[in-house]
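Chemist: What follows is a structure written as structure tokens; I'll ask about it next.
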Amino acid sequence: MSCVVGAVVERLHIVIVGGGHSGGRLAQLLARRHDRVHVTVVGSEPVYPYERPPLSKGVLLGTAGFEDCLLWKRDDTTKNHVSMRLGITVEGIDRQRQTVHLSDGTELSYDRLVLATGSRVRQFSAHGSHFRGVLSLRSFANALDVSRQFRAAENVIVGGGGFIGLEVAAAAAQRGLRPRVIEASDRLLSRLVPRLVAEQIAQTHQEAGVEVMYRSMIQRFVSNGHGSVKRAVLGNGETVECDLALIAVGVEPEIGLAVEAGLEMDVGVKTDERLRTSDSNIFACGDIASFWHPLYEQRIRLESWQNAEDHARILAAVLLGDQAPSPAVPFFWSDQYDLSLQILGLPHLGSSTRRKRTSSKSAILLHCDPLDRIVGATAVGVAEQIGRELRQTRRLIATRALCDPKLFGATELEVVED
């Protein structure tokens, strides 16, 4: 990768566009080999890269601060070997000259370019979304704002019964509020988990004082006359009082820069197993990458903490010329109260679902393809307990094992209909 001219070692210049989790972790890994590469990170936020899972958990609860989220801890000196261009965006890529144009009017040259631009909050166009008190959750600043407003709020609503919406609702309930979740479907997490799991999560929220309004959508917001939100009007004409409304209708990959550069797309930025795009000098990682997964023999795009970590490790090895690990079995988790929801693999590829018998407070569902191979698992319960159970299941998914009850110490597995 690096070459020697006389006694001078030329380091490969790697520019990482995006100061989020995946780009930040990649920079951290590359910085450990700063004798071989020079790394520049261009991040739109004016702060060092940080992890996002604590935002909807510890930060909202007031138990975690910014230091707890940072990727680089105080004693990690690798950050001294990374050039950080923070509070700046990349406005264009010149693939022929191998340069990027920055919002401050300067240019950066690169030998290798990594796009790690992450996701943005999906636009919510209901009238009145600009009122004070109508918020979304994506950055630490967002989370801190919501946490502060929890202190004075009386009526909180959450638009969307997905993972983030439910984590916000759980945090609000734990802060002594009684939030309402406005969900368009007839159940929570309708496109994400089986009904059995969704019902257990819904019961937990109900016991905590959260009200869920199903088959409902926010149509518009009404002001108190001073620019702050006072109530939400639903699609059926019903009104709901609120002085704080958290909109959690999902995110979408931030692919505009890649599209303008003429890179090939496939749901996200199209890459191979080693995260290389259609331009051999440009790579993509994290939320935006639609990458080839050899286990599933197809291209997939993931939005998760684990995926950001995996891509950083793969890409660091590729850029340094080392042996790169294969993409891991996908993993996602969500903590709500003392309940943990964990998802392995790609459950949506399953054509049948079996349940492994566990304690009454937990459920582990196995998702099998038409050949009866385990392609995913969905579990809900106490984190430590289901975590132990899923470690074995991860290995079975990775080896394309058949859904044999004997592998789980059972004579049979209950078939579950959704």
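By convention in this document, the chains of the structure tokens carry letters A, B, ... by their order, each chain's residues are numbered from 1, and ligands are numbered from 1 in the order they are shown.
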Got a sec: who's within 9 Å of A:Thr89, counting only C-alpha atoms, leaving out chain neighbours fewer than 5 positions off, as a PDB file with N, CA, C and O atoms, in the first residue's frame?
Modeler:
ATOM      1  N   VAL A  17     -15.591  10.647   4.260  1.00  0.00           N
ATOM      2  CA  VAL A  17     -16.675  11.632   4.263  1.00  0.00           C
ATOM      3  C   VAL A  17     -17.766  11.131   5.191  1.00  0.00           C
ATOM      4  O   VAL A  17     -18.467  10.171   4.897  1.00  0.00           O
ATOM      5  N   GLY A  18     -17.888  11.795   6.338  1.00  0.00           N
ATOM      6  CA  GLY A  18     -18.881  11.389   7.334  1.00  0.00           C
ATOM      7  C   GLY A  18     -18.218  11.125   8.666  1.00  0.00           C
ATOM      8  O   GLY A  18     -17.315  10.279   8.762  1.00  0.00           O
ATOM      9  N   VAL A  42     -14.000  14.226   7.250  1.00  0.00           N
ATOM     10  CA  VAL A  42     -14.817  15.425   7.038  1.00  0.00           C
ATOM     11  C   VAL A  42     -16.189  15.135   7.623  1.00  0.00           C
ATOM     12  O   VAL A  42     -16.924  14.267   7.133  1.00  0.00           O
ATOM     13  N   GLY A  43     -16.550  15.834   8.698  1.00  0.00           N
ATOM     14  CA  GLY A  43     -17.815  15.578   9.385  1.00  0.00           C
ATOM     15  C   GLY A  43     -18.675  16.817   9.467  1.00  0.00           C
ATOM     16  O   GLY A  43     -18.185  17.907   9.785  1.00  0.00           O
ATOM     17  N   SER A  44     -19.959  16.661   9.215  1.00  0.00           N
ATOM     18  CA  SER A  44     -20.857  17.820   9.214  1.00  0.00           C
ATOM     19  C   SER A  44     -21.153  18.333  10.620  1.00  0.00           C
ATOM     20  O   SER A  44     -21.472  19.508  10.797  1.00  0.00           O
ATOM     21  N   GLU A  45     -21.064  17.471  11.626  1.00  0.00           N
ATOM     22  CA  GLU A  45     -21.277  17.924  13.007  1.00  0.00           C
ATOM     23  C   GLU A  45     -19.975  18.488  13.558  1.00  0.00           C
ATOM     24  O   GLU A  45     -18.885  18.009  13.208  1.00  0.00           O
ATOM     25  N   HIS A 101     -14.671  18.634  -2.945  1.00  0.00           N
ATOM     26  CA  HIS A 101     -14.864  20.075  -2.732  1.00  0.00           C
ATOM     27  C   HIS A 101     -15.625  20.272  -1.427  1.00  0.00           C
ATOM     28  O   HIS A 101     -16.704  19.703  -1.242  1.00  0.00           O
ATOM     29  N   LEU A 102     -15.080  21.088  -0.541  1.00  0.00           N
ATOM     30  CA  LEU A 102     -15.657  21.289   0.787  1.00  0.00           C
ATOM     31  C   LEU A 102     -16.463  22.579   0.860  1.00  0.00           C
ATOM     32  O   LEU A 102     -16.274  23.502   0.071  1.00  0.00           O
ATOM     33  N   SER A 103     -17.357  22.623   1.846  1.00  0.00           N
ATOM     34  CA  SER A 103     -18.247  23.776   1.997  1.00  0.00           C
ATOM     35  C   SER A 103     -17.516  25.040   2.413  1.00  0.00           C
ATOM     36  O   SER A 103     -18.076  26.136   2.318  1.00  0.00           O
ATOM     37  N   ASP A 104     -16.281  24.907   2.897  1.00  0.00           N
ATOM     38  CA  ASP A 104     -15.517  26.108   3.270  1.00  0.00           C
ATOM     39  C   ASP A 104     -14.706  26.650   2.097  1.00  0.00           C
ATOM     40  O   ASP A 104     -13.873  27.554   2.262  1.00  0.00           O
TER      41      ASP A 104
END
Chemist: Set the distance at 10 Å and use only C-alpha atoms: which residues neighbour A:Leu55 once local chain neighbours fewer than 4 positions away are removed? I'd like the list as a VMD selection string.
Modeler: chain A and resid 51 59 to 62 64 to 66 69 137 to 144 146 to 147 164 167 to 168
Chemist: Could you give me, as number ranges by chain, each residue of stretch 167-371 of chain A that DSSP assigns to strand (DSSP E) when run on this structure's backbone?
Modeler: A: 180-182, 211-213, 218-223, 229-234, 239-241, 244-247, 251-253, 265-266, 268-270, 282-284, 289-293, 298-300, 331-336, 339-345, 352-356, 363-368
Chemist: With C-alpha atoms kept, could you save the residues just selected as a short mmCIF file (atom, residue, chain, number, x, y, z; two decimals), in the first residue's frame?
Modeler:
data_model
loop_
_atom_site.label_atom_id
_atom_site.label_comp_id
_atom_site.auth_asym_id
_atom_site.auth_seq_id
_atom_site.Cartn_x
_atom_site.Cartn_y
_atom_site.Cartn_z
CA ARG A 180 -48.98 8.37 23.70
CA VAL A 181 -47.62 6.51 20.67
CA ILE A 182 -49.39 7.26 17.37
CA GLU A 211 -50.93 4.47 25.54
CA VAL A 212 -50.74 3.28 21.94
CA MET A 213 -53.21 4.62 19.40
CA ILE A 218 -50.71 12.73 12.62
CA GLN A 219 -52.25 15.01 9.99
CA ARG A 220 -51.30 18.40 11.38
CA PHE A 221 -50.22 20.28 14.48
CA VAL A 222 -51.97 23.22 16.11
CA SER A 223 -50.04 26.05 17.77
CA VAL A 229 -47.20 23.03 19.61
CA LYS A 230 -50.44 22.64 21.56
CA ARG A 231 -52.17 19.63 20.02
CA ALA A 232 -52.03 17.16 17.13
CA VAL A 233 -54.92 16.48 14.79
CA LEU A 234 -55.10 12.89 13.58
CA THR A 239 -57.24 15.67 18.54
CA VAL A 240 -54.51 14.85 21.03
CA GLU A 241 -53.07 17.43 23.43
CA LEU A 244 -43.88 17.79 23.08
CA ALA A 245 -44.12 15.66 19.93
CA LEU A 246 -41.29 13.35 18.93
CA ILE A 247 -41.46 12.28 15.29
CA VAL A 251 -34.50 7.32 8.41
CA GLU A 252 -33.21 7.07 4.85
CA PRO A 253 -29.65 6.70 3.54
CA MET A 265 -26.87 2.41 -6.86
CA ASP A 266 -28.86 -0.57 -5.61
CA GLY A 268 -28.01 2.19 -1.38
CA VAL A 269 -24.53 2.71 -2.81
CA LYS A 270 -23.69 -0.52 -4.63
CA ILE A 282 -14.08 4.94 -3.73
CA PHE A 283 -15.58 2.81 -0.96
CA ALA A 284 -18.84 3.04 0.98
CA ALA A 289 -23.68 0.66 1.63
CA SER A 290 -25.65 -1.94 -0.30
CA PHE A 291 -23.03 -4.68 0.03
CA TRP A 292 -22.70 -8.25 -1.14
CA HIS A 293 -23.20 -10.71 1.72
CA GLN A 298 -27.36 -11.28 -2.21
CA ARG A 299 -26.75 -7.57 -1.72
CA ILE A 300 -28.19 -6.11 1.50
CA PHE A 331 -27.33 -8.24 14.55
CA PHE A 332 -29.64 -5.59 15.97
CA TRP A 333 -30.92 -4.87 19.46
CA SER A 334 -33.30 -2.51 21.22
CA ASP A 335 -33.55 -2.02 24.99
CA GLN A 336 -36.85 -0.84 26.46
CA LEU A 339 -36.71 -5.79 28.21
CA SER A 340 -34.26 -6.52 25.40
CA LEU A 341 -35.25 -7.20 21.80
CA GLN A 342 -32.52 -8.88 19.76
CA ILE A 343 -32.59 -9.78 16.07
CA LEU A 344 -30.07 -12.02 14.32
CA GLY A 345 -29.63 -12.59 10.61
CA SER A 352 -41.63 -20.45 8.40
CA THR A 353 -41.13 -19.62 12.07
CA ARG A 354 -40.50 -21.96 15.02
CA ARG A 355 -40.43 -21.12 18.69
CA LYS A 356 -37.85 -22.43 21.10
CA ALA A 363 -39.37 -15.83 23.55
CA ILE A 364 -36.92 -17.00 20.92
CA LEU A 365 -38.23 -17.41 17.38
CA LEU A 366 -36.26 -19.12 14.62
CA HIS A 367 -36.89 -18.10 11.01
CA CYS A 368 -36.23 -20.76 8.37
#
Chemist: Report the residues of stretch 103-319 of chain A whose backbone DSSP state falls under alpha helix (DSSP H), written as a PyMOL selection string.
Modeler: chain A and resi 140-150+163-174+195-207+256-260+305-319
Chemist: List the neighbours of A:Arg25 out to 10 Å using only C-alpha atoms; skip same-chain residues closer than 4 positions along the sequence, and give me the result as a VMD selection string.
Modeler: chain A and resid 19 to 21 29 to 31 49 to 51 71 to 72 308 to 313 316
